[in-house]
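A.B. asks: There's a structure below that I have some questions on.
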Amino acid sequence: MASQEQKKKLLKAKIAVALHDELGRVPREKEIEQVFLLARVMYKAVLGLHYKRQGQKKSGQMAMF
């Protein structure tokens with residue numbers, strides 16, 4: 001299994017390739033870091049909310065409409 005550092009490095013490489021494809025030029029390190037941070041935040045926001053709601057639903061805390 002890949003370590004956390006390897007996973008981060010792989011994600012940054014994938015981001016760099018996607019930015020290169022979109023922009024048509026080599027992305028700057030700052031651009032890669034911004035997208036990397038945004039990707040991590042969005043992942044946590046979406047999946048964190050999903051799992052939190054799932055837990056609330058199981059425990060009966062969520063209102064059913």
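Quick note on naming: the chains in the structure tokens go A, B, ... in the order shown, residues restart at 1 in each chain, and ligands are numbered from 1 in order of appearance.
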Skipping near chain neighbours, those fewer than 3 positions away, what residues fall within 9 Å of segment 2-13 of chain A using only C-alpha atoms, listed as a list of chain:residue names?
C.D. replies: A:Ala16, A:Val17, A:Ala18, A:Ile32, A:Glu33, A:Val35, A:Phe36
A.B. asks: Keeping only N, CA and C atoms, write the selected residues as a PDB file, in the first residue's frame.
C.D. replies:
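Saved the output as again_15.pdb:
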```
ATOM      1  N   ALA A  16      -1.380  18.146 -11.970  1.00  0.00           N
ATOM      2  CA  ALA A  16      -0.498  18.841 -12.915  1.00  0.00           C
ATOM      3  C   ALA A  16      -0.814  18.445 -14.351  1.00  0.00           C
ATOM      4  N   VAL A  17      -1.067  17.169 -14.588  1.00  0.00           N
ATOM      5  CA  VAL A  17      -1.396  16.705 -15.937  1.00  0.00           C
ATOM      6  C   VAL A  17      -2.734  17.295 -16.383  1.00  0.00           C
ATOM      7  N   ALA A  18      -3.721  17.311 -15.488  1.00  0.00           N
ATOM      8  CA  ALA A  18      -5.036  17.855 -15.830  1.00  0.00           C
ATOM      9  C   ALA A  18      -4.954  19.360 -16.105  1.00  0.00           C
ATOM     10  N   ILE A  32      -0.727  24.344  -8.811  1.00  0.00           N
ATOM     11  CA  ILE A  32      -0.899  22.940  -8.429  1.00  0.00           C
ATOM     12  C   ILE A  32      -1.277  22.845  -6.952  1.00  0.00           C
ATOM     13  N   GLU A  33      -0.590  23.618  -6.105  1.00  0.00           N
ATOM     14  CA  GLU A  33      -0.873  23.607  -4.666  1.00  0.00           C
ATOM     15  C   GLU A  33      -2.300  24.091  -4.375  1.00  0.00           C
ATOM     16  N   VAL A  35      -4.980  23.932  -6.353  1.00  0.00           N
ATOM     17  CA  VAL A  35      -5.946  22.913  -6.772  1.00  0.00           C
ATOM     18  C   VAL A  35      -5.875  21.711  -5.828  1.00  0.00           C
ATOM     19  N   PHE A  36      -4.669  21.363  -5.379  1.00  0.00           N
ATOM     20  CA  PHE A  36      -4.486  20.253  -4.450  1.00  0.00           C
ATOM     21  C   PHE A  36      -5.247  20.525  -3.153  1.00  0.00           C
TER      22      PHE A  36
END
```
A.B. asks: I'd like to know which residues of chain A are alpha helix (DSSP H) (by DSSP, run on the backbone); could you write them as a PyMOL selection string?
C.D. replies: chain A and resi 4-23+29-59
A.B. asks: Tell me, in Å to one decimal, how far atom CA of Lys14 of chain A is from atom CA of Met42 of chain A.
C.D. replies: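 Atom CA of Met42 of chain A lies at a distance of 16.4 Å from atom CA of Lys14 of chain A.
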A.B. asks: Kindly give the distance, in Å, that separates atom CA of Arg53 of chain A and atom CA of Gln34 of chain A, rounded to a single decimal.
C.D. replies: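 Computing the Euclidean distance for atom CA of Arg53 of chain A and atom CA of Gln34 of chain A yields 28.2 Å.
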A.B. asks: Measuring between only C-alpha atoms, which one of A:Leu49, A:Ile15, A:Gly24, A:Gln54 shows the shortest distance to Leu37 of chain A?
C.D. replies: A:Ile15
